[in-house]
Each structure stands twice: as C-alpha cells, then as structure tokens.
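The data block below is input.cif; it holds mmCIF, C-alpha atoms.
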data_my_file
loop_
_atom_site.label_atom_id
_atom_site.label_comp_id
_atom_site.auth_asym_id
_atom_site.auth_seq_id
_atom_site.Cartn_x
_atom_site.Cartn_y
_atom_site.Cartn_z
CA MET A 1 -177.93 -35.74 16.10
CA ASP A 2 -175.47 -34.14 18.48
CA TRP A 3 -172.12 -34.78 20.09
CA ARG A 4 -169.41 -33.00 22.01
CA ASP A 5 -165.70 -33.45 21.42
CA GLU A 6 -162.34 -31.74 21.53
CA GLY A 7 -160.59 -30.75 18.34
CA VAL A 8 -157.94 -28.73 16.57
CA LEU A 9 -159.17 -26.14 14.11
CA LEU A 10 -157.81 -26.77 10.61
CA THR A 11 -159.60 -24.26 8.41
CA MET A 12 -162.06 -21.42 8.69
CA ARG A 13 -163.99 -19.81 5.84
CA ARG A 14 -166.51 -17.03 6.07
CA HIS A 15 -170.03 -18.12 5.30
CA GLY A 16 -172.33 -15.25 4.46
CA GLU A 17 -171.80 -12.11 6.46
CA SER A 18 -171.45 -13.32 10.00
CA ALA A 19 -171.15 -17.11 9.99
CA ALA A 20 -168.13 -19.30 9.30
CA ILE A 21 -167.64 -22.86 8.11
CA ILE A 22 -164.89 -24.47 10.12
CA GLU A 23 -163.14 -27.78 9.82
CA VAL A 24 -161.95 -29.37 13.04
CA PHE A 25 -159.81 -32.46 13.60
CA THR A 26 -161.53 -34.06 16.59
CA VAL A 27 -160.61 -36.98 18.80
CA ALA A 28 -163.59 -39.24 18.20
CA HIS A 29 -165.11 -37.83 14.99
CA GLY A 30 -162.01 -37.14 12.92
CA ARG A 31 -161.97 -34.30 10.42
CA HIS A 32 -165.39 -32.73 10.67
CA ALA A 33 -166.89 -29.59 9.18
CA GLY A 34 -169.71 -27.46 10.54
CA VAL A 35 -171.13 -23.96 10.58
CA VAL A 36 -170.39 -21.59 13.45
CA ARG A 37 -173.02 -18.89 13.75
CA GLY A 38 -171.34 -15.57 14.35
CA GLY A 39 -168.02 -17.24 13.52
CA ALA A 40 -166.88 -14.29 11.42
CA SER A 41 -167.47 -11.82 14.24
CA ARG A 42 -164.75 -9.84 16.00
CA ARG A 43 -165.39 -11.80 19.19
CA MET A 44 -164.89 -15.18 17.52
CA SER A 45 -162.02 -14.23 15.24
CA PRO A 46 -159.21 -14.81 17.80
CA ILE A 47 -160.76 -18.15 18.76
CA LEU A 48 -161.19 -19.50 15.24
CA GLN A 49 -157.56 -19.49 14.16
CA PRO A 50 -155.89 -22.55 12.63
CA GLY A 51 -154.23 -24.72 15.26
CA ALA A 52 -156.46 -23.53 18.10
CA GLN A 53 -157.71 -26.28 20.38
CA LEU A 54 -161.46 -26.11 20.83
CA ASP A 55 -164.22 -27.76 22.77
CA VAL A 56 -166.86 -28.28 20.08
CA SER A 57 -170.51 -29.29 20.23
CA TRP A 58 -172.06 -30.38 16.94
CA ARG A 59 -175.75 -30.52 16.22
CA ALA A 60 -177.70 -31.39 13.06
CA ARG A 61 -181.10 -32.75 12.18
CA LEU A 62 -179.63 -35.54 10.04
CA GLU A 63 -176.22 -37.22 10.25
CA ASP A 64 -175.19 -36.16 6.73
CA HIS A 65 -176.05 -32.49 7.23
CA ILE A 66 -173.14 -30.12 7.69
CA GLY A 67 -174.53 -29.18 11.10
CA ILE A 68 -173.91 -26.35 13.53
CA PHE A 69 -170.91 -26.09 15.83
CA THR A 70 -170.79 -24.22 19.07
CA VAL A 71 -167.22 -23.73 20.17
CA GLU A 72 -165.36 -22.88 23.34
CA PRO A 73 -161.65 -22.13 23.32
CA VAL A 74 -159.44 -24.63 25.13
CA ARG A 75 -156.02 -23.53 23.99
CA SER A 76 -154.84 -20.77 21.68
CA ARG A 77 -151.70 -21.06 19.55
CA ALA A 78 -151.39 -17.30 19.19
CA GLY A 79 -147.97 -17.50 20.83
CA LEU A 80 -146.61 -18.97 17.58
CA LEU A 81 -147.52 -15.97 15.44
CA GLY A 82 -144.15 -14.32 16.06
CA ASP A 83 -142.08 -17.44 15.35
CA ARG A 84 -141.54 -17.78 11.61
CA LEU A 85 -140.49 -21.43 11.59
CA ALA A 86 -143.06 -22.61 14.15
CA LEU A 87 -145.84 -20.78 12.31
CA ALA A 88 -144.77 -22.49 9.08
CA GLY A 89 -144.94 -25.81 10.98
CA LEU A 90 -148.44 -25.02 12.23
CA ASN A 91 -149.60 -24.13 8.71
CA ALA A 92 -148.09 -27.33 7.29
CA ILE A 93 -149.76 -29.52 9.93
CA CYS A 94 -153.21 -27.96 9.39
CA ALA A 95 -152.89 -28.03 5.60
CA LEU A 96 -151.76 -31.67 5.50
CA LEU A 97 -154.52 -32.83 7.84
CA HIS A 98 -157.02 -30.91 5.70
CA VAL A 99 -156.00 -32.66 2.49
CA ALA A 100 -154.98 -36.08 3.82
CA LEU A 101 -157.67 -37.19 6.23
CA PRO A 102 -161.02 -38.54 5.13
CA GLU A 103 -164.00 -36.74 6.63
CA ARG A 104 -165.64 -38.09 9.76
CA ALA A 105 -163.22 -40.96 10.38
CA ALA A 106 -161.57 -41.03 13.80
CA HIS A 107 -157.78 -41.15 14.12
CA PRO A 108 -157.35 -40.94 17.90
CA HIS A 109 -153.63 -41.77 17.95
CA LEU A 110 -152.89 -39.21 15.26
CA TRP A 111 -154.94 -36.67 17.21
CA VAL A 112 -152.87 -37.21 20.36
CA MET A 113 -149.62 -36.93 18.41
CA THR A 114 -150.87 -33.83 16.56
CA VAL A 115 -151.65 -32.04 19.81
CA ALA A 116 -148.27 -33.07 21.23
CA LEU A 117 -146.56 -31.72 18.12
CA LEU A 118 -148.50 -28.46 18.23
CA ASP A 119 -147.47 -28.08 21.87
CA ALA A 120 -143.84 -28.68 20.93
CA LEU A 121 -143.79 -26.09 18.11
CA GLY A 122 -141.53 -23.27 19.12
CA ALA A 123 -141.21 -24.70 22.63
CA SER A 124 -138.78 -27.51 21.96
CA PRO A 125 -135.73 -27.22 19.66
CA ASP A 126 -136.33 -30.81 18.52
CA TRP A 127 -139.74 -30.16 17.06
CA PRO A 128 -138.61 -30.59 13.40
CA LEU A 129 -137.75 -34.21 14.25
CA ALA A 130 -141.14 -34.59 15.96
CA TYR A 131 -142.72 -33.14 12.81
CA LEU A 132 -140.92 -35.72 10.65
CA ARG A 133 -142.17 -38.54 12.88
CA TRP A 134 -145.66 -37.05 12.73
CA GLU A 135 -145.58 -37.20 8.91
CA VAL A 136 -144.52 -40.87 9.12
CA LEU A 137 -147.50 -41.47 11.38
CA LEU A 138 -149.78 -39.55 9.02
CA LEU A 139 -148.65 -41.86 6.21
CA GLU A 140 -149.52 -44.86 8.36
CA GLU A 141 -152.92 -43.42 9.16
CA VAL A 142 -153.76 -42.85 5.50
CA GLY A 143 -152.86 -46.46 4.82
CA PHE A 144 -149.23 -46.47 3.78
CA GLY A 145 -146.90 -47.30 6.61
CA LEU A 146 -143.20 -47.37 5.86
CA ASP A 147 -141.41 -50.60 6.79
CA LEU A 148 -138.06 -49.57 8.17
CA THR A 149 -137.51 -52.59 10.40
CA ARG A 150 -135.45 -54.76 8.04
CA CYS A 151 -133.91 -54.83 4.58
CA ALA A 152 -136.40 -55.72 1.86
CA VAL A 153 -133.68 -57.61 -0.05
CA THR A 154 -131.63 -59.47 2.57
CA GLY A 155 -133.81 -59.24 5.68
CA THR A 156 -130.95 -57.82 7.73
CA ARG A 157 -131.62 -55.21 10.38
CA ASP A 158 -128.13 -53.70 10.13
CA ASP A 159 -126.85 -50.75 8.12
CA LEU A 160 -130.22 -49.78 6.69
CA ALA A 161 -129.38 -46.82 4.45
CA PHE A 162 -132.09 -46.46 1.81
CA VAL A 163 -135.84 -46.66 1.25
CA SER A 164 -137.38 -48.08 -1.89
CA PRO A 165 -139.47 -45.32 -3.53
CA ARG A 166 -141.86 -48.00 -4.77
CA THR A 167 -142.53 -50.16 -1.73
CA GLY A 168 -141.55 -47.90 1.18
CA ARG A 169 -139.35 -50.67 2.60
CA ALA A 170 -135.83 -50.18 3.91
CA VAL A 171 -132.81 -51.41 1.97
CA ALA A 172 -129.38 -52.14 3.51
CA ARG A 173 -126.36 -50.32 2.10
CA GLY A 174 -124.74 -53.53 0.94
CA ALA A 175 -127.88 -54.77 -0.77
CA ALA A 176 -128.53 -51.56 -2.73
CA GLY A 177 -125.77 -52.18 -5.28
CA ASP A 178 -126.31 -50.40 -8.60
CA TRP A 179 -129.77 -49.33 -7.47
CA ALA A 180 -128.45 -47.01 -4.76
CA ASP A 181 -128.90 -43.85 -6.82
CA ARG A 182 -132.54 -44.72 -7.49
CA LEU A 183 -133.32 -45.23 -3.81
CA LEU A 184 -134.18 -42.59 -1.24
CA PRO A 185 -131.46 -42.00 1.41
CA LEU A 186 -132.70 -43.13 4.82
CA PRO A 187 -131.49 -40.90 7.67
CA ALA A 188 -130.57 -42.55 10.96
CA CYS A 189 -133.10 -40.42 12.83
CA MET A 190 -135.94 -42.29 11.10
CA LEU A 191 -134.62 -45.49 12.62
CA GLY A 192 -134.82 -43.92 16.06
CA GLN A 193 -131.04 -43.59 16.28
CA GLY A 194 -130.43 -40.39 18.23
CA GLY A 195 -131.24 -36.80 17.33
CA ALA A 196 -131.13 -35.29 13.90
CA ASP A 197 -129.55 -32.35 12.13
CA ARG A 198 -131.42 -30.38 9.50
CA VAL A 199 -129.86 -32.37 6.65
CA GLU A 200 -131.24 -35.61 8.09
CA ILE A 201 -134.62 -33.96 8.66
CA ALA A 202 -134.64 -32.84 5.02
CA GLN A 203 -133.80 -36.39 3.88
CA GLY A 204 -136.59 -37.76 6.03
CA LEU A 205 -139.09 -35.21 4.75
CA ALA A 206 -138.08 -36.07 1.19
CA ILE A 207 -139.11 -39.68 1.92
CA THR A 208 -142.43 -38.77 3.55
CA GLY A 209 -143.06 -36.15 0.85
CA HIS A 210 -142.54 -38.74 -1.88
CA PHE A 211 -145.05 -41.16 -0.37
CA LEU A 212 -147.53 -38.50 0.70
CA THR A 213 -147.57 -37.15 -2.85
CA ARG A 214 -148.14 -40.63 -4.22
CA GLU A 215 -150.73 -41.75 -1.69
CA LEU A 216 -152.67 -38.50 -1.70
CA ALA A 217 -152.61 -38.14 -5.50
CA PRO A 218 -156.29 -39.10 -5.91
CA LEU A 219 -157.27 -36.46 -3.34
CA LEU A 220 -154.97 -33.79 -4.74
CA HIS A 221 -156.24 -34.12 -8.33
CA GLY A 222 -152.84 -33.51 -9.87
CA ARG A 223 -151.89 -30.67 -7.53
CA PRO A 224 -148.72 -30.84 -5.43
CA LEU A 225 -148.74 -31.22 -1.65
CA PRO A 226 -149.91 -28.06 0.14
CA GLU A 227 -147.77 -24.98 -0.38
CA ALA A 228 -147.52 -24.63 3.40
CA ARG A 229 -145.45 -27.83 3.58
CA ALA A 230 -143.12 -26.63 0.82
CA ARG A 231 -142.63 -23.37 2.73
CA LEU A 232 -141.75 -25.26 5.93
CA LEU A 233 -139.18 -27.34 4.05
CA GLU A 234 -137.70 -24.18 2.55
CA LEU A 235 -137.40 -22.51 5.95
CA LEU A 236 -135.91 -25.62 7.54
CA ALA A 237 -133.33 -25.82 4.76
CA ARG A 238 -132.48 -22.16 5.21
CA SER A 239 -132.08 -22.47 8.97
CA ALA A 240 -129.72 -25.46 8.61
CA MET B 1 -194.92 2.95 -15.55
CA ALA B 2 -195.62 -0.71 -16.24
CA ASP B 3 -191.89 -1.37 -15.87
CA ALA B 4 -191.51 0.51 -12.61
CA PRO B 5 -192.25 -2.28 -10.12
CA GLN B 6 -189.93 -4.65 -11.99
CA ARG B 7 -187.15 -2.05 -11.98
CA ILE B 8 -187.74 -1.42 -8.31
CA GLU B 9 -187.53 -5.16 -7.65
CA GLN B 10 -184.28 -5.18 -9.60
CA LEU B 11 -182.98 -2.34 -7.46
CA ILE B 12 -183.97 -4.22 -4.30
CA ASP B 13 -182.20 -7.35 -5.56
CA LEU B 14 -179.02 -5.36 -6.24
CA MET B 15 -179.16 -3.59 -2.89
CA ALA B 16 -179.67 -6.92 -1.11
CA ARG B 17 -176.26 -8.04 -2.37
CA LEU B 18 -174.51 -5.33 -0.37
CA PRO B 19 -172.88 -6.25 2.94
CA GLY B 20 -175.12 -5.64 5.92
CA LEU B 21 -178.29 -5.76 3.83
CA GLY B 22 -180.67 -8.63 3.24
CA PRO B 23 -183.84 -8.66 1.13
CA ARG B 24 -185.95 -7.07 3.85
CA SER B 25 -183.54 -4.30 4.78
CA ALA B 26 -182.86 -3.63 1.09
CA ARG B 27 -186.59 -3.23 0.56
CA ARG B 28 -186.76 -0.76 3.45
CA ALA B 29 -183.81 1.20 2.11
CA VAL B 30 -185.34 1.37 -1.36
CA LEU B 31 -188.69 2.49 0.04
CA LEU B 32 -186.96 5.26 1.98
CA MET B 33 -185.09 6.36 -1.12
CA LEU B 34 -188.32 6.38 -3.11
CA LYS B 35 -189.95 8.47 -0.44
CA LYS B 36 -187.02 10.93 -0.53
CA ARG B 37 -186.31 10.80 -4.22
CA GLY B 38 -185.06 14.36 -4.53
CA ALA B 39 -183.09 14.56 -1.30
CA VAL B 40 -181.53 11.08 -1.22
CA MET B 41 -182.09 8.96 -4.31
CA ALA B 42 -181.18 11.38 -7.10
CA PRO B 43 -177.93 12.64 -5.49
CA LEU B 44 -177.01 9.09 -4.51
CA ALA B 45 -177.55 7.86 -8.06
CA GLN B 46 -175.55 10.77 -9.44
CA VAL B 47 -172.62 10.26 -7.06
CA MET B 48 -172.64 6.50 -7.63
CA ALA B 49 -172.53 7.01 -11.39
CA GLU B 50 -169.64 9.46 -11.04
CA VAL B 51 -167.67 7.22 -8.68
CA ALA B 52 -168.25 4.22 -10.95
CA LEU B 53 -166.71 6.19 -13.79
CA THR B 54 -163.78 7.76 -11.96
CA ALA B 55 -162.70 5.34 -9.18
CA ARG B 56 -159.58 3.34 -9.93
CA ASP B 57 -156.83 1.50 -8.12
CA CYS B 58 -153.67 3.51 -7.50
CA LEU B 59 -150.97 2.11 -9.76
CA ARG B 60 -148.37 2.53 -7.03
CA CYS B 61 -149.95 1.53 -3.74
CA GLY B 62 -153.26 -0.16 -4.61
CA ASN B 63 -155.39 2.37 -2.72
CA ILE B 64 -158.60 3.52 -4.36
CA GLY B 65 -158.44 6.98 -5.87
CA ASP B 66 -159.67 8.97 -8.82
CA ALA B 67 -156.42 9.13 -10.79
CA ASP B 68 -153.54 6.84 -11.70
CA LEU B 69 -151.89 7.81 -8.41
CA CYS B 70 -154.01 8.25 -5.28
CA ALA B 71 -153.96 11.44 -3.21
CA ILE B 72 -151.55 9.91 -0.66
CA CYS B 73 -149.03 8.87 -3.31
CA ARG B 74 -149.29 12.31 -4.97
CA ASP B 75 -148.67 14.14 -1.68
CA GLU B 76 -144.93 14.89 -1.48
CA ARG B 77 -145.17 15.53 2.27
CA ARG B 78 -145.88 11.84 2.70
CA ALA B 79 -142.62 10.76 1.09
CA THR B 80 -141.11 10.10 4.52
CA GLY B 81 -139.36 6.91 3.49
CA GLU B 82 -141.85 4.85 5.51
CA VAL B 83 -144.25 2.46 3.84
CA CYS B 84 -147.05 0.82 5.79
CA VAL B 85 -148.11 -2.54 4.33
CA VAL B 86 -151.80 -3.33 4.83
CA GLU B 87 -154.01 -6.17 3.71
CA ASN B 88 -156.77 -4.19 2.02
CA VAL B 89 -158.14 -0.70 1.46
CA ALA B 90 -160.38 -0.95 4.54
CA ASP B 91 -157.24 -1.36 6.67
CA LEU B 92 -155.65 1.64 4.96
CA TRP B 93 -158.72 3.73 5.75
CA ALA B 94 -158.58 2.52 9.37
CA MET B 95 -154.94 3.64 9.64
CA GLU B 96 -155.82 6.99 8.08
CA ARG B 97 -158.68 7.51 10.54
CA GLY B 98 -156.15 7.24 13.35
CA GLY B 99 -154.04 9.94 11.70
CA ALA B 100 -150.91 8.66 13.42
CA PHE B 101 -149.09 7.54 10.30
CA LYS B 102 -147.69 10.19 7.96
CA GLY B 103 -145.97 8.01 5.37
CA ARG B 104 -147.28 6.08 2.39
CA TYR B 105 -149.02 2.73 2.07
CA HIS B 106 -148.87 -0.47 0.14
CA VAL B 107 -152.09 -2.47 -0.18
CA LEU B 108 -151.45 -6.19 -0.69
CA GLY B 109 -154.98 -7.11 -1.74
CA GLY B 110 -155.24 -10.07 0.66
CA THR B 111 -153.04 -12.51 2.53
CA LEU B 112 -151.23 -15.67 1.55
CA SER B 113 -153.56 -18.62 1.88
CA ALA B 114 -152.74 -22.20 1.01
CA LEU B 115 -156.41 -23.09 1.32
CA ASP B 116 -157.52 -20.54 -1.25
CA ALA B 117 -154.40 -20.97 -3.40
CA VAL B 118 -153.34 -17.36 -2.88
CA GLY B 119 -149.61 -17.11 -3.45
CA PRO B 120 -147.22 -14.13 -3.53
CA ALA B 121 -147.93 -13.53 -7.23
CA GLU B 122 -151.65 -13.10 -6.51
CA LEU B 123 -150.84 -10.37 -4.01
CA ARG B 124 -148.94 -7.16 -4.69
CA ILE B 125 -145.75 -8.43 -3.04
CA PRO B 126 -143.52 -8.22 -6.17
CA LEU B 127 -144.64 -4.59 -6.56
CA LEU B 128 -143.65 -3.90 -2.95
CA VAL B 129 -140.17 -5.28 -3.62
CA GLU B 130 -139.91 -2.98 -6.67
CA ARG B 131 -141.03 0.01 -4.63
CA VAL B 132 -138.46 -0.67 -1.93
CA ALA B 133 -135.75 -0.77 -4.58
CA ASP B 134 -136.94 2.29 -6.50
CA GLU B 135 -138.35 4.76 -3.97
CA GLY B 136 -135.62 5.13 -1.40
CA ILE B 137 -137.72 3.52 1.31
CA SER B 138 -136.04 3.26 4.71
CA GLU B 139 -138.69 1.43 6.76
CA VAL B 140 -141.43 -1.05 5.89
CA ILE B 141 -144.10 -1.29 8.59
CA LEU B 142 -146.04 -4.53 8.42
CA ALA B 143 -149.55 -3.63 9.61
CA LEU B 144 -151.13 -6.99 8.89
CA ASN B 145 -153.82 -8.69 10.92
CA ALA B 146 -152.72 -10.70 13.96
CA THR B 147 -154.12 -13.88 12.43
CA VAL B 148 -152.32 -16.99 11.23
CA ASP B 149 -152.69 -15.93 7.57
CA GLY B 150 -151.80 -12.31 8.32
CA GLN B 151 -148.63 -13.18 10.22
CA THR B 152 -147.62 -15.88 7.72
CA THR B 153 -147.79 -13.16 5.07
CA ALA B 154 -145.83 -10.76 7.29
CA HIS B 155 -143.04 -13.32 7.80
CA TYR B 156 -142.95 -14.00 4.07
CA ILE B 157 -142.60 -10.30 3.23
CA ALA B 158 -139.90 -9.86 5.88
CA GLU B 159 -138.04 -12.75 4.29
CA VAL B 160 -138.39 -11.38 0.76
CA LEU B 161 -137.09 -7.97 1.89
CA GLU B 162 -134.16 -9.38 3.83
CA GLY B 163 -131.03 -7.90 2.34
CA ALA B 164 -132.91 -4.99 0.74
CA GLY B 165 -131.39 -2.61 3.26
CA VAL B 166 -134.65 -1.45 4.84
CA ALA B 167 -135.80 -1.64 8.44
CA ILE B 168 -138.74 -4.01 8.74
CA THR B 169 -141.08 -3.43 11.66
CA SER B 170 -144.54 -4.62 12.61
CA LEU B 171 -147.39 -3.28 14.70
CA ALA B 172 -147.28 -4.18 18.39
CA GLN B 173 -149.63 -6.88 19.63
CA GLY B 174 -151.26 -6.88 23.04
CA VAL B 175 -153.90 -5.25 25.22
CA PRO B 176 -156.17 -2.88 23.25
CA VAL B 177 -157.13 0.50 24.68
CA GLY B 178 -160.15 -0.11 26.91
CA GLY B 179 -159.40 -3.82 27.05
CA GLU B 180 -159.88 -5.72 30.29
CA LEU B 181 -157.48 -8.56 31.00
CA ASP B 182 -160.27 -10.82 32.20
CA TYR B 183 -161.84 -10.76 28.74
CA LEU B 184 -158.67 -11.27 26.71
CA ASP B 185 -157.71 -14.63 25.26
CA ASP B 186 -154.53 -16.26 26.58
CA GLY B 187 -152.68 -15.70 23.30
CA THR B 188 -153.20 -11.94 23.44
CA ILE B 189 -152.14 -11.80 27.09
CA GLY B 190 -149.02 -13.81 26.24
CA ALA B 191 -148.18 -11.49 23.32
CA ALA B 192 -148.72 -8.44 25.53
CA LEU B 193 -146.47 -9.85 28.22
CA ARG B 194 -143.70 -10.60 25.73
CA ALA B 195 -143.98 -7.06 24.32
CA ARG B 196 -143.91 -5.38 27.76
CA ARG B 197 -141.84 -2.24 28.16
CA ARG B 198 -140.33 -0.21 30.98
CA PHE B 199 -142.99 1.95 32.65
#

Let's see the structure in the file written out as structure tokens.
Amino acid sequence: MDWRDEGVLLTMRRHGESAAIIEVFTVAHGRHAGVVRGGASRRMSPILQPGAQLDVSWRARLEDHIGIFTVEPVRSRAGLLGDRLALAGLNAICALLHVALPERAAHPHLWVMTVALLDALGASPDWPLAYLRWEVLLLEEVGFGLDLTRCAVTGTRDDLAFVSPRTGRAVARGAAGDWADRLLPLPACMLGQGGADRVEIAQGLAITGHFLTRELAPLLHGRPLPEARARLLELLARSA
Amino acid sequence: MADAPQRIEQLIDLMARLPGLGPRSARRAVLLMLKKRGAVMAPLAQVMAEVALTARDCLRCGNIGDADLCAICRDERRATGEVCVVENVADLWAMERGGAFKGRYHVLGGTLSALDAVGPAELRIPLLVERVADEGISEVILALNATVDGQTTAHYIAEVLEGAGVAITSLAQGVPVGGELDYLDDGTIGAALRARRRF
C-alpha cells in the first residue's frame, strides 16, 4: 500500500529515540497518522512543526497498519512564531482538526479552506473572521451544519438575530419573544453582512463553540474543547 | 555465582533503557565494564549510588544540584537581576557550556502542550511569577526552543508577566554560526531577515 499526498501537520510525538509519529491532514486521505523514521532528529525538527505544509508519501504492508511517512517540506509556518495571536490561531486550528476529524476520511473542501486560513494568519487583519467561518465549515464537515438562511419559526429571511442552541437554526428577532434570553445571539458577520469587530467574532465563536462541544462530545469523552481554542478566544477578547 | 548471569542480564536490561543504548549496545557496555571491573565498574557504581542519594531538584530554579539550592542559586555573584527561562535542565547545561550568561535560571520542566494536557500548573510558571515578585528581578530572558510549543509557552509567560515591571526578552532567531543559507528552511531565513541589524 502506498500513496503520495499533500498535507498539513497537526501533531508530532516522539516515537522511541529517533522516530516520530505524526498526524497529517491531507487532501485526499484526510487525517492520517504514520511513523517518520528519524523524525525526532535535529534535521527534521524544523520541518515537523504543527501547521507546516508537507509533501508526504505513505507506505505500509497492509491498509490498517500505521505505516511509514517520508516527508518533504512544502511550506513552513515558522513566520508565525513571533505573532502571539496568529500562533494561538495556528494551535487552535491544529488542535480542533486533531480532535474533530475522523481518521482517514477525506475532507477536500475543508483542506483547501484550512490552507487558506493558515496562509491568512498574521498576514491579513481579517483572519479572525476567516477563522470563525472556518469553524462553521468544520461543523458542517463533522455533520452539523448551521441553518442561518431563514427563521426557524416564521420562515422570514429578515432580521435574523438569534440561533437556537438546540437545532442550530436561525431565529428572527420578532419571533424570539420570551425565548430571546435562551437563544444564542447571531452576529451579522455570520450572515455574510460586512466585516466584523471582535465582539461579533466572540459571539460567533460562542455559537460554533456550543455546537462543537455538543457534536464532539462522544470524541472528547467529557473533556472540554481543546485548551488551544480557549486560549485563542481569550487573546481575541483581550485584543478587542 | 549461580545468580551472576541473571544479575548481569538484569543489568543489561536496565542499561538498555538508557537513551542511546539498545539491547546490543547495552550488552557491549556491560561486557566492557565487567572486563574493567576495578577501573570502570566499581567507581561507576559508587558514583551512581552517591548521586542517587544526593541529587535533588533546586527548590528555587529547578536545576539539579546536591542541596536544596543549586550552586548557581547559592552563588551571590549570579544575582544580577537577570533570569533565563529554559525548558529543561539539558537546556540550562547548554547555556552554561556557552558561558555567556552570568545570571540565574528558571527551569520550566517542559512546555505547554494541549495534546499532552500540559498546562501552566504542570510547569513551574507560577513559581517564576513568585520569583519575579520576590527576588528583585529586572529582566526575564525567554530561552525557549523555536518550536510551536516553545514559542506558545514563551508568549504565555510574557503575558503572565505583563505588568510585573520586568523587561521580557527572548533569544534571537536566525542563521546559526556555520550555517549556510542554502541549507536553511524558509522560516529560519524569514526570521533572520526580520531580525537583521545594522552592520
């Protein structure tokens, strides 16, 4: 069994003295683990950093073996090391993909958007909004798309102001009534209406966080979402 | 004597657990020690027994010493007001080999890692904050690895110490001595370019 693909490195753990077990989010093979011989060496250390884009070749005797990766660097994200907020974004993206995606299932659209987001980190001032949209897409890819097109109660497309924490469907301001305080505030930026300030981003991330926690609960075994995401939220709130 | 081979096998098994040694190299090392029992094995065993009894973590900085405070923390000449934060004792020893730093250290005992559930409380970060408040420290030098985990930890510490009234600096990143540009990764070249200085 062998294949070649491009991927983003999510995690790296030392395996024995010189090898490493890496997990890569690839275009055609999804989240995939494998051993890199010599992966813990000084030569490989700068290459095998989370967020790095790699050209990977995987080889194993049987399909369900962990297999061996040989890797070539395509793109380093070392430029983000000095940017506190962007580095927190990178950590959150890698940690969420690590916990949310099933192994060996392709998510080509999510891959494209992940690479675009990683490219935007630190480079574009609007990347927090791109990150929020990426989390919405991640929710869709794990099987729980939000429906923000029309009000779940009246069907109207106007003045959508809340999201139901149960169904993930939008609710219009007028239809919320006494339930408004039990609903999640829906920021305009999630409806594609212009840019977003940090307060709107925080509201949006509260929505995605709520549904990610719920949908990923079986995978998290009672643990919260990755600490890296909480740290990003904290930094975003502080920089508001 | 009937027990000797079994004990020797036990010794080989224990040696094989050391970094850099496997079963075969451990066997070779044990055979050499047996051949040079008086010159190598006996002194080694004696020193190992002594170190096992006396070695302890410095209560202040986390370095390994033979008393509650390590030699560096006991040395008043090193109370320069500068504290160099390193990930582990191996990094501290590497800094000491260079001999360029004359202040004191703080060993974190690792880096923050979401994957391994290592948070600030698992590291010696709260102790660092206490030291900054208590010891009249003027500069904290973050000498952490230029990896994602290392720099995430560095940013976290810088954040925690914001408002503590100390200068927070970090090691420069860029071209190593003897490094050739052609062999450097693009991230290192980028970091070196950003950190360029007037020549």

Closest atom pairs, chain A residues within 10 Å of chain B, all atoms listed in the file, as a tab-separated table:
residue	atom	partner	partner_atom	distance
A:Thr11	CA	B:Leu115	CA	7.9
A:Met12	CA	B:Leu115	CA	9.4
A:Arg13	CA	B:Leu115	CA	9.4
A:Gly16	CA	B:Pro19	CA	9.1
A:Glu17	CA	B:Pro19	CA	6.9
A:Ser18	CA	B:Gly20	CA	9.4
A:Ser45	CA	B:Thr147	CA	8.4
A:Pro46	CA	B:Thr147	CA	7.5
A:Ile47	CA	B:Asp185	CA	8.0
A:Leu48	CA	B:Thr147	CA	9.5
A:Gln49	CA	B:Val148	CA	6.5
A:Pro50	CA	B:Val148	CA	6.8
A:Gly51	CA	B:Val148	CA	8.9
A:Pro73	CA	B:Asp185	CA	8.7
A:Val74	CA	B:Asp186	CA	9.8
A:Arg75	CA	B:Asp186	CA	7.9
A:Ser76	CA	B:Gly187	CA	5.7
A:Arg77	CA	B:Gly187	CA	6.6
A:Ala78	CA	B:Gly187	CA	4.6
A:Gly79	CA	B:Gly187	CA	5.6
A:Leu80	CA	B:Val148	CA	8.8
A:Leu81	CA	B:Gln151	CA	6.0
A:Gly82	CA	B:Gln151	CA	7.4
A:Asp83	CA	B:His155	CA	8.7
A:Arg84	CA	B:His155	CA	6.1
A:Leu85	CA	B:His155	CA	9.3
A:Leu87	CA	B:Thr152	CA	6.9
A:Ala88	CA	B:Thr152	CA	7.3
A:Leu90	CA	B:Val148	CA	9.0
A:Asn91	CA	B:Val148	CA	8.0
A:Ala92	CA	B:Ala114	CA	9.3
A:Cys94	CA	B:Leu115	CA	10.0
A:Ala95	CA	B:Ala114	CA	7.4
A:His98	CA	B:Leu115	CA	9.0
A:Val99	CA	B:Leu115	CA	9.6
A:Pro226	CA	B:Ala114	CA	6.6
A:Glu227	CA	B:Ala114	CA	5.9
A:Ala228	CA	B:Ala114	CA	6.2
A:Arg229	CA	B:Ala114	CA	9.6
A:Arg231	CA	B:Tyr156	CA	9.5
A:Leu235	CA	B:Glu159	CA	9.9

* Where does the PyMOL selection byres ((chain B and resi 75-78) around 8) land in this file, that is, which residues does it pick, as a ChimeraX atom specification? -> /B:71-74,79-80,102-104

* Asked: Pick the closest to A:Pro185 from A:His107, A:Gly168, A:Gln203, A:Pro218: which is it, counting only C-alpha atoms?
  ->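 Going through A:His107, A:Gly168, A:Gln203, A:Pro218 one by one, the smallest distance to A:Pro185 is for A:Gln203.
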
* Mind giving me the straight-line distance from atom CA of B:Leu123 to atom CA of B:Ala172 in Å, one decimal? =>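 A separation of 23.5 Å between them.
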
* Give me the result of the PyMOL selection byres ((chain B and resi 110) around 8) on this file, residue by residue, as a ChimeraX atom specification. => /B:87-88,108-109,111-112,123
